[in-house]
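Novice: Hey, dropping data.txt in here, compact mmCIF, C-alpha atoms:
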```txt
# COMPACT_ATOMS: atom_id res chain seq x y z
CA MET L 1 77.32 212.56 68.37
CA GLU L 2 81.04 212.54 68.79
CA PHE L 3 82.26 209.58 70.80
CA ASP L 4 84.78 210.62 73.45
CA LEU L 5 87.43 207.93 73.98
CA GLY L 6 88.72 209.75 77.03
CA TRP L 7 85.71 208.75 79.10
CA ILE L 8 86.22 205.12 78.15
CA LEU L 9 89.85 205.27 79.12
CA LEU L 10 88.87 206.88 82.40
CA GLY L 11 85.99 204.42 83.08
CA LEU L 12 87.94 201.22 82.57
CA PRO L 13 90.22 201.66 85.59
CA ILE L 14 87.24 202.69 87.72
CA ALA L 15 85.24 199.60 86.69
CA PHE L 16 88.25 197.39 87.36
CA ALA L 17 88.73 198.96 90.79
CA LEU L 18 85.06 198.51 91.69
CA GLY L 19 85.14 194.87 90.59
CA TRP L 20 88.27 194.24 92.61
CA VAL L 21 86.71 195.83 95.73
CA ALA L 22 83.52 193.76 95.29
CA SER L 23 85.49 190.55 94.93
CA ARG L 24 87.53 191.34 98.02
CA LEU L 25 84.34 191.97 99.98
CA ASP L 26 82.90 188.60 98.86
CA LEU L 27 86.13 186.81 99.72
CA ARG L 28 86.22 188.51 103.10
CA GLN L 29 82.65 187.43 103.84
CA LEU L 30 83.40 183.90 102.70
CA ARG L 31 86.48 183.76 104.89
CA ILE L 32 84.51 185.00 107.88
CA GLU L 33 81.87 182.30 107.35
CA ASN L 34 84.47 179.60 106.77
CA ARG L 35 86.34 180.64 109.88
CA GLN L 36 83.23 180.57 112.05
CA ALA L 37 82.24 176.99 111.17
CA PRO L 38 85.72 175.45 111.70
CA LYS L 39 86.13 177.49 114.84
CA ALA L 40 82.99 175.97 116.32
CA TYR L 41 84.02 172.55 115.03
CA PHE L 42 87.50 172.68 116.57
CA LYS L 43 86.03 174.09 119.75
CA GLY L 44 83.82 171.01 119.90
CA LEU L 45 86.79 168.72 119.34
CA ASN L 46 88.67 170.45 122.12
CA TYR L 47 85.77 169.96 124.51
CA LEU L 48 85.54 166.33 123.45
CA LEU L 49 89.21 165.69 124.12
CA ASN L 50 88.76 167.23 127.56
CA GLU L 51 85.75 164.95 128.17
CA GLN L 52 83.39 167.92 128.36
CA GLN L 53 80.62 166.33 126.34
CA ASP L 54 77.89 168.87 127.12
CA GLN L 55 80.01 171.76 125.82
CA ALA L 56 81.12 169.65 122.83
CA ILE L 57 77.50 169.01 121.85
CA ASP L 58 76.70 172.73 122.06
CA ALA L 59 79.69 173.55 119.87
CA PHE L 60 78.79 170.94 117.27
CA ILE L 61 75.18 172.12 117.17
CA GLU L 62 76.46 175.64 116.54
CA ALA L 63 78.70 174.35 113.75
CA VAL L 64 75.84 172.41 112.16
CA GLN L 65 73.60 175.48 112.24
CA LYS L 66 76.25 177.53 110.44
CA ASP L 67 76.98 174.82 107.90
CA PRO L 68 73.95 172.49 107.69
CA ASP L 69 75.27 170.74 104.58
CA THR L 70 78.41 169.32 106.21
CA SER L 71 77.77 165.61 106.83
CA GLU L 72 80.88 165.13 108.99
CA LEU L 73 79.46 167.49 111.60
CA HIS L 74 76.23 165.49 111.64
CA PHE L 75 78.13 162.24 112.12
CA ALA L 76 80.18 163.73 114.95
CA LEU L 77 77.05 165.06 116.63
CA GLY L 78 75.12 161.81 116.21
CA ASN L 79 77.96 159.72 117.64
CA LEU L 80 78.22 162.07 120.59
CA PHE L 81 74.51 161.71 121.31
CA ARG L 82 74.83 157.92 121.19
CA ARG L 83 77.80 157.91 123.55
CA ARG L 84 75.85 160.01 126.01
CA GLY L 85 72.87 157.67 125.85
CA GLU L 86 70.67 160.24 124.07
CA TYR L 87 69.59 157.67 121.51
CA GLU L 88 66.47 159.50 120.32
CA ARG L 89 68.51 162.56 119.36
CA ALA L 90 71.14 160.36 117.68
CA VAL L 91 68.41 158.66 115.65
CA ARG L 92 67.03 162.05 114.55
CA VAL L 93 70.45 163.22 113.38
CA HIS L 94 71.13 160.07 111.35
CA GLU L 95 67.61 159.90 109.92
CA HIS L 96 67.99 163.55 108.86
CA LEU L 97 71.17 162.60 107.02
CA LEU L 98 69.43 159.71 105.26
CA SER L 99 66.62 162.02 104.14
CA ARG L 100 69.03 164.27 102.23
CA ALA L 101 68.90 163.75 98.48
CA ASP L 102 72.40 165.15 97.96
CA LEU L 103 74.10 162.65 100.28
CA SER L 104 76.75 160.50 98.61
CA ASN L 105 76.35 156.72 98.55
CA SER L 106 79.33 156.33 100.88
CA ASP L 107 77.85 158.72 103.46
CA ARG L 108 74.41 157.14 103.06
CA GLU L 109 75.83 153.71 103.92
CA ARG L 110 77.69 155.23 106.85
CA ALA L 111 74.53 156.93 108.12
CA GLN L 112 72.54 153.68 107.80
CA HIS L 113 75.20 151.85 109.81
CA ALA L 114 75.20 154.57 112.46
CA LEU L 115 71.41 154.40 112.66
CA SER L 116 71.51 150.64 113.25
CA LEU L 117 73.96 151.21 116.12
CA ASP L 118 71.59 153.82 117.59
CA PHE L 119 68.72 151.33 117.61
CA LEU L 120 70.98 148.59 118.97
CA LYS L 121 72.24 150.71 121.86
CA ALA L 122 68.69 151.84 122.62
CA GLY L 123 67.56 148.21 122.91
CA LEU L 124 65.20 148.51 119.94
CA LEU L 125 66.26 145.15 118.55
CA ASP L 126 63.55 144.80 115.89
CA ARG L 127 64.35 148.21 114.42
CA ALA L 128 68.07 147.49 114.70
CA GLU L 129 67.62 144.25 112.75
CA ASP L 130 65.68 146.05 110.00
CA ALA L 131 68.37 148.73 109.79
CA LEU L 132 71.14 146.13 109.64
CA ARG L 133 69.43 144.20 106.84
CA LYS L 134 69.48 147.39 104.72
CA LEU L 135 73.29 147.18 104.78
CA GLU L 136 73.27 144.10 102.53
CA GLY L 137 75.60 144.67 99.59
CA THR L 138 77.40 147.60 101.22
CA ARG L 139 80.89 147.90 102.69
CA TYR L 140 79.28 147.38 106.12
CA GLN L 141 77.73 144.05 105.14
CA GLU L 142 80.07 141.78 107.14
CA GLN L 143 79.85 144.03 110.20
CA ALA L 144 76.07 143.94 109.91
CA TRP L 145 76.09 140.14 109.69
CA LEU L 146 78.26 139.86 112.82
CA THR L 147 75.87 142.13 114.70
CA LEU L 148 72.87 140.20 113.40
CA LEU L 149 74.53 136.98 114.56
CA ALA L 150 74.82 138.38 118.08
CA LEU L 151 71.16 139.49 117.94
CA HIS L 152 69.98 136.04 116.83
CA GLU L 153 71.98 134.39 119.62
CA ARG L 154 70.57 136.84 122.14
CA SER L 155 67.02 136.08 121.04
CA ARG L 156 67.87 132.35 120.80
CA ASP L 157 66.79 132.20 117.18
CA TRP L 158 69.18 129.39 116.35
CA PRO L 159 68.10 128.67 112.73
CA GLN L 160 68.60 132.34 111.81
CA ALA L 161 71.90 132.37 113.69
CA ALA L 162 73.05 129.31 111.74
CA ASP L 163 72.09 130.91 108.42
CA THR L 164 74.02 134.09 109.27
CA ALA L 165 77.04 132.11 110.50
CA ARG L 166 77.19 130.20 107.21
CA ARG L 167 77.12 133.43 105.22
CA LEU L 168 79.95 134.84 107.33
CA GLN L 169 81.99 131.70 106.83
CA GLN L 170 81.44 131.82 103.07
CA ALA L 171 82.54 135.48 103.12
CA GLY L 172 85.82 134.46 104.77
CA GLN L 173 85.07 136.06 108.13
CA GLY L 174 86.25 133.08 110.15
CA ASP L 175 85.49 129.44 110.94
CA PHE L 176 82.03 129.08 112.45
CA THR L 177 81.94 125.27 112.45
CA GLY L 178 82.08 125.11 116.23
CA ARG L 179 79.25 127.61 116.64
CA LEU L 180 77.08 125.75 114.15
CA ALA L 181 77.46 122.60 116.26
CA HIS L 182 76.39 124.55 119.35
CA TYR L 183 73.34 125.90 117.51
CA LEU L 184 72.28 122.33 116.70
CA CYS L 185 72.80 121.35 120.35
CA GLU L 186 70.65 124.28 121.46
CA GLN L 187 67.92 123.21 119.04
CA ALA L 188 68.19 119.64 120.34
CA ASP L 189 67.84 120.87 123.90
CA HIS L 190 64.72 122.82 122.90
CA ALA L 191 63.26 119.81 121.08
CA LEU L 192 63.85 117.57 124.10
CA ASN L 193 62.79 119.85 126.94
CA LYS L 194 60.14 122.05 125.32
CA LYS L 195 58.67 119.93 122.55
CA LYS L 196 59.27 116.58 124.30
CA ASP L 197 60.56 115.16 121.03
CA PRO L 198 63.60 112.95 121.76
CA VAL L 199 63.66 111.63 118.18
CA ALA L 200 64.17 115.13 116.73
CA ALA L 201 66.70 115.92 119.47
CA ARG L 202 68.72 112.82 118.63
CA GLN L 203 68.71 113.63 114.91
CA LEU L 204 69.99 117.16 115.59
CA LEU L 205 72.78 115.87 117.85
CA GLU L 206 73.83 113.24 115.33
CA GLN L 207 73.91 115.93 112.64
CA ALA L 208 76.14 118.08 114.89
CA ILE L 209 78.54 115.15 115.37
CA ALA L 210 78.63 114.46 111.64
CA ASP L 211 79.26 118.13 110.81
CA ASN L 212 81.90 118.60 113.51
CA PRO L 213 83.36 115.30 114.81
CA GLY L 214 85.75 117.17 117.10
CA ALA L 215 82.95 118.87 119.06
CA ALA L 216 82.54 117.55 122.60
CA ARG L 217 79.12 118.96 123.45
CA PRO L 218 76.93 116.95 121.02
CA ARG L 219 78.51 113.68 122.15
CA ILE L 220 77.99 114.55 125.82
CA GLN L 221 74.37 115.61 125.22
CA LEU L 222 73.68 112.51 123.13
CA ALA L 223 75.10 110.33 125.93
CA GLY L 224 72.76 112.06 128.37
CA LEU L 225 69.80 111.42 126.06
CA MET L 226 70.73 107.75 125.69
CA THR L 227 71.12 107.41 129.44
CA ALA L 228 67.61 108.80 129.97
CA GLN L 229 66.32 106.23 127.47
CA GLY L 230 68.12 103.39 129.26
CA ASP L 231 70.72 102.80 126.54
CA MET L 232 73.74 102.63 128.83
CA ALA L 233 75.98 100.86 126.34
CA GLY L 234 75.30 103.48 123.67
CA ALA L 235 75.85 106.29 126.18
CA PHE L 236 79.18 104.78 127.23
CA GLU L 237 80.31 104.55 123.60
CA GLN L 238 79.55 108.22 123.01
CA LEU L 239 81.58 109.29 126.04
CA ALA L 240 84.41 106.90 125.14
CA ARG L 241 84.67 108.52 121.70
CA LEU L 242 85.67 111.76 123.38
CA GLU L 243 89.16 110.29 123.86
CA PRO L 244 90.14 110.39 120.16
CA HIS L 245 87.98 113.38 119.19
CA ALA L 246 87.88 115.76 122.19
CA PRO L 247 90.15 114.45 124.98
CA GLN L 248 90.25 117.85 126.69
CA ALA L 249 86.57 117.42 127.63
CA LEU L 250 86.99 114.12 129.50
CA PRO L 251 87.34 115.76 132.96
CA LEU L 252 83.80 117.15 132.49
CA VAL L 253 82.32 113.63 132.26
CA ALA L 254 84.84 111.56 134.23
CA SER L 255 82.49 110.68 137.10
CA GLU L 256 79.60 110.06 134.68
CA LEU L 257 81.85 107.74 132.68
CA VAL L 258 82.47 105.62 135.79
CA ARG L 259 78.77 105.51 136.69
CA ILE L 260 77.64 104.58 133.15
CA GLY L 261 80.53 102.11 132.87
CA GLN L 262 79.34 100.40 136.04
CA ASP L 263 75.74 100.25 134.78
CA SER L 264 76.82 98.85 131.41
CA GLY L 265 79.37 96.40 132.82
CA GLN L 266 82.36 98.29 131.43
CA THR L 267 84.02 99.60 134.59
CA ALA L 268 87.42 98.19 133.62
CA ARG L 269 87.28 99.90 130.24
CA ALA L 270 86.23 103.19 131.85
CA THR L 271 89.13 102.91 134.32
CA ASP L 272 91.67 102.29 131.57
CA LEU L 273 90.36 105.23 129.57
CA LEU L 274 90.56 107.56 132.58
CA ARG L 275 94.08 106.40 133.44
CA ARG L 276 95.24 107.24 129.91
CA SER L 277 93.58 110.63 130.19
CA TYR L 278 95.20 111.30 133.57
CA ALA L 279 98.62 110.23 132.30
CA ALA L 280 98.31 112.70 129.41
CA THR L 281 96.93 115.59 131.51
CA PRO L 282 96.55 115.20 135.29
CA SER L 283 93.18 116.51 136.47
CA ILE L 284 91.49 116.54 139.85
CA ASP L 285 88.17 115.49 138.28
CA VAL L 286 89.78 112.49 136.59
CA ALA L 287 91.67 111.63 139.80
CA ASP L 288 88.38 111.77 141.72
CA ALA L 289 86.70 109.52 139.14
CA LEU L 290 89.56 107.00 139.40
CA VAL L 291 89.05 106.85 143.17
CA GLN L 292 85.35 106.18 142.54
CA ALA L 293 86.23 103.45 140.03
CA GLU L 294 88.44 101.70 142.59
CA VAL L 295 85.66 101.78 145.17
CA VAL L 296 83.22 100.35 142.60
CA THR L 297 85.56 97.42 141.94
CA GLY L 298 85.76 96.62 145.67
CA THR L 299 88.86 98.51 146.82
CA PRO L 300 88.43 99.73 150.44
CA MET L 301 87.96 103.51 150.67
CA GLN L 302 90.96 103.89 152.96
CA GLN L 303 93.14 102.43 150.20
CA ALA L 304 91.32 104.02 147.24
CA ARG L 305 91.58 107.53 148.65
CA GLU L 306 95.35 107.29 148.35
CA GLY L 307 94.66 108.33 144.76
CA TYR L 308 94.20 111.87 146.09
CA VAL L 309 97.63 111.69 147.72
CA ARG L 310 99.22 110.53 144.47
CA HIS L 311 97.52 113.43 142.68
CA MET L 312 98.82 115.94 145.26
CA ALA L 313 102.32 114.56 144.78
CA GLN L 314 102.11 115.59 141.12
CA GLU L 315 99.83 118.63 141.36
CA PRO L 316 99.49 120.41 144.74
CA SER L 317 95.73 120.65 145.20
CA LEU L 318 93.56 122.01 148.00
CA ILE L 319 90.52 120.36 146.36
CA ALA L 320 92.21 116.94 146.52
CA ALA L 321 93.16 117.60 150.15
CA ALA L 322 89.54 118.40 151.01
CA ARG L 323 88.29 115.22 149.36
CA TRP L 324 90.97 113.12 151.04
CA LEU L 325 89.99 114.55 154.41
CA GLY L 326 86.32 113.83 153.75
CA HIS L 327 86.73 110.08 154.18
CA GLU L 328 87.52 107.74 157.07
CA PRO L 329 89.37 107.21 159.35
CA PHE L 330 89.80 110.87 160.30
CA ALA L 331 86.04 111.44 160.55
CA GLN L 332 86.09 110.05 164.12
CA GLU L 333 88.68 112.51 165.37
CA GLY L 334 87.38 115.46 167.42
CA ALA L 335 89.08 118.17 165.37
CA HIS L 336 88.10 116.67 162.04
CA PRO L 337 84.84 118.61 161.43
CA VAL L 338 86.55 121.94 162.07
CA VAL L 339 89.50 121.13 159.84
CA GLN L 340 87.17 119.75 157.15
CA ARG L 341 85.01 122.89 157.12
CA SER L 342 88.07 125.12 156.91
CA VAL L 343 89.61 123.21 154.01
CA ASP L 344 86.29 122.97 152.17
CA HIS L 345 85.78 126.72 152.57
CA ALA L 346 89.24 127.45 151.20
CA ALA L 347 88.86 124.99 148.31
CA ARG L 348 85.39 126.11 147.18
CA PRO L 349 86.52 129.15 145.12
CA LEU L 350 89.25 127.04 143.51
CA ALA L 351 86.72 124.46 142.30
CA ARG L 352 84.99 126.96 140.00
CA TYR L 353 85.37 127.37 136.26
CA ARG L 354 86.56 130.69 134.83
CA CYS L 355 85.89 132.22 131.41
CA ALA L 356 89.16 132.86 129.60
CA ALA L 357 87.60 135.77 127.70
CA CYS L 358 86.03 137.89 130.46
CA GLY L 359 86.93 136.22 133.76
CA PHE L 360 83.35 135.23 134.68
CA GLU L 361 83.40 132.48 137.31
CA ALA L 362 80.81 129.77 137.87
CA GLN L 363 80.40 126.61 139.94
CA GLY L 364 79.11 124.73 136.90
CA TYR L 365 80.50 124.46 133.37
CA PHE L 366 78.96 126.59 130.59
CA TRP L 367 79.36 126.07 126.87
CA GLN L 368 78.50 129.74 126.35
CA CYS L 369 79.72 132.28 128.88
CA PRO L 370 76.79 134.05 130.62
CA GLY L 371 78.99 137.13 131.00
CA CYS L 372 80.45 137.83 127.55
CA GLN L 373 78.43 135.31 125.46
CA ALA L 374 81.62 133.73 124.06
CA TRP L 375 81.39 130.08 123.05
CA GLU L 376 83.64 127.46 124.70
CA SER L 377 85.58 130.15 126.53
CA PHE L 378 85.57 128.10 129.76
CA PRO L 379 88.57 125.74 129.92
CA PRO L 380 87.30 122.32 131.14
CA ARG L 381 89.54 122.57 134.20
CA ARG L 382 89.05 124.06 137.64
CA ILE L 383 90.52 127.44 138.53
CA GLU L 384 93.04 125.68 140.77
CA GLU L 385 94.42 123.84 137.75
CA LEU L 386 94.80 126.83 135.41
```
Would it be possible to restate this file's structure as structure tokens?
Specialist:
Amino acid sequence: MEFDLGWILLGLPIAFALGWVASRLDLRQLRIENRQAPKAYFKGLNYLLNEQQDQAIDAFIEAVQKDPDTSELHFALGNLFRRRGEYERAVRVHEHLLSRADLSNSDRERAQHALSLDFLKAGLLDRAEDALRKLEGTRYQEQAWLTLLALHERSRDWPQAADTARRLQQAGQGDFTGRLAHYLCEQADHALNKKKDPVAARQLLEQAIADNPGAARPRIQLAGLMTAQGDMAGAFEQLARLEPHAPQALPLVASELVRIGQDSGQTARATDLLRRSYAATPSIDVADALVQAEVVTGTPMQQAREGYVRHMAQEPSLIAAARWLGHEPFAQEGAHPVVQRSVDHAARPLARYRCAACGFEAQGYFWQCPGCQAWESFPPRRIEEL
């Protein structure tokens, strides 16, 4: 059969044209699909920027349905659910991501971290801890340790908190020496008050002092323990050692120093120590303790209370004025009770302590802020003196 080259020459352009048309149709379809997914995605972003979270969630769900393999859309949707408090839906999104076999290691670590945050926000602390432990050896390891540290502190698991703090310190995430001393003090408090084991409590406090000589709390707690056991001389020595190691804490124990000094026959030494402290940093608590020390040594109250006047000459103080008014001879005057109540009422808010981190105020001193959980965030001075 004779082969006609004319048909071949005619068919080649036709085949080329058909192939070109088919490719254009595929490209057009691909463009339409690619446009639809970003359109929904950007629509969601727009809603999010306008704080329209309900509409943003709907848009992201639409985008995920059109492109179920895009992990970024899942992360955006999961984070939105968490922000809205829909923790169960956030968990489902991130668990779905983790179940995908094609997920990259980077995205898998990111999804595991997001899942731990979901559990944490939902208050599922046990599940959050398990999820955080799975981040060991990942780029989120240090973040996970910091979160675990907060969880251990919240649950008052001080040995676990200490172990995590040491790992963070070894990883160069900060100096946790102060916290470790507090953890030992917390364990000592538990041993003394719950287990009724003063020997173990003393060992823990002595370890805290050895590990961190500049920490004030273990010395103060150890002095309290010694006082309860009748060792007044030992208790006085512990408080006296605050002067070289933690002088800023002396106002917290100034009155106790005078009382223990009196019981141990060291009132003169206590007075000298407090005078040096006051000369370095005037404080109403130290001034008050010095007035007490003068009364203990036999100085009449009318003369001793002039210490409040001397303090007010250096540092104007409503608290000092209230304490000066609270003694004779004005108590016999008719207007005295009214004036005293008014000054006391005005001075009461100024006598509180305030957290430097969150502003939480309290009548008593806290080593850990009840508001923000920060350690030693309360300056050992009254609000009036800040």
Novice: Kindly indicate which residue among L:Phe378, L:Leu242, L:Glu237, L:Phe366 lies nearest to L:Arg269, using all atoms listed in the file for the distances.
Specialist: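 Counting all atoms listed in the file, the residue closest to L:Arg269 is L:Glu237.
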Novice: Which residues of stretch 138-165 of chain L sit at most 9 Å from stretch 109-118 of chain L, using only C-alpha atoms? Give each one's shortest atom pair and distance in Å (one decimal place), in chain and ascending residue order, as a Markdown table.
Specialist:
```
| residue | atom | partner | partner_atom | distance |
| --- | --- | --- | --- | --- |
| L:Thr138 | CA | L:Glu109 | CA | 6.9 |
| L:Arg139 | CA | L:Glu109 | CA | 7.8 |
| L:Tyr140 | CA | L:His113 | CA | 7.1 |
| L:Ala144 | CA | L:His113 | CA | 8.0 |
```
Novice: Find the residue from L:Arg154, L:Arg276, L:Arg84, L:Arg348 that sits nearest to L:Pro244; use all atoms listed in the file when measuring.
Specialist: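 Counting all atoms listed in the file, the residue closest to L:Pro244 is L:Arg276.
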Novice: Show me, as a list in words, the residues that have an atom within 9 Å of L:Met301 when counting only C-alpha atoms, minus same-chain residues fewer than 2 positions from it.
Specialist: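 Everything that qualifies: Val291, Gln292, Glu294, Val295, Gly298, Thr299, Gln303, Ala304, Arg305, Glu306, His327 and Glu328 of chain L.
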Novice: For the point (80.0, 139.1, 131.2) in the file's frame, write as a list of chain:residue names all residues with an atom no more than 7 Å away, counting all atoms listed in the file.
Specialist: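 Output of the proximity query reads L:Cys358, L:Phe360, L:Pro370, L:Gly371, L:Cys372.
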Novice: Restricting the calculation to only C-alpha atoms: of L:Ala254, L:Cys369, L:Ala356, L:Val91, which residue gets closest to L:Leu386?
Specialist: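 Nearest candidate to L:Leu386 out of L:Ala254, L:Cys369, L:Ala356, L:Val91: L:Ala356.
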Novice: Measure the distance from atom CA of L:Ile260 to atom CA of L:Asn212 in Å and round it to one decimal.
Specialist: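 We find that atom CA of L:Ile260 and atom CA of L:Asn212 lie 24.5 Å from each other.
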Novice: May I ask which of the residues L:Arg133, L:Arg179, L:His96, L:Lys196 is the closest one to L:Glu376, counting all atoms listed in the file?
Specialist: L:Arg179
Novice: Measuring between all atoms listed in the file, which one of L:Pro247, L:Phe81, L:Asp285, L:Asp231 shows the shortest distance to L:Asp263?
Specialist: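 The closest residue to L:Asp263 is L:Asp231.
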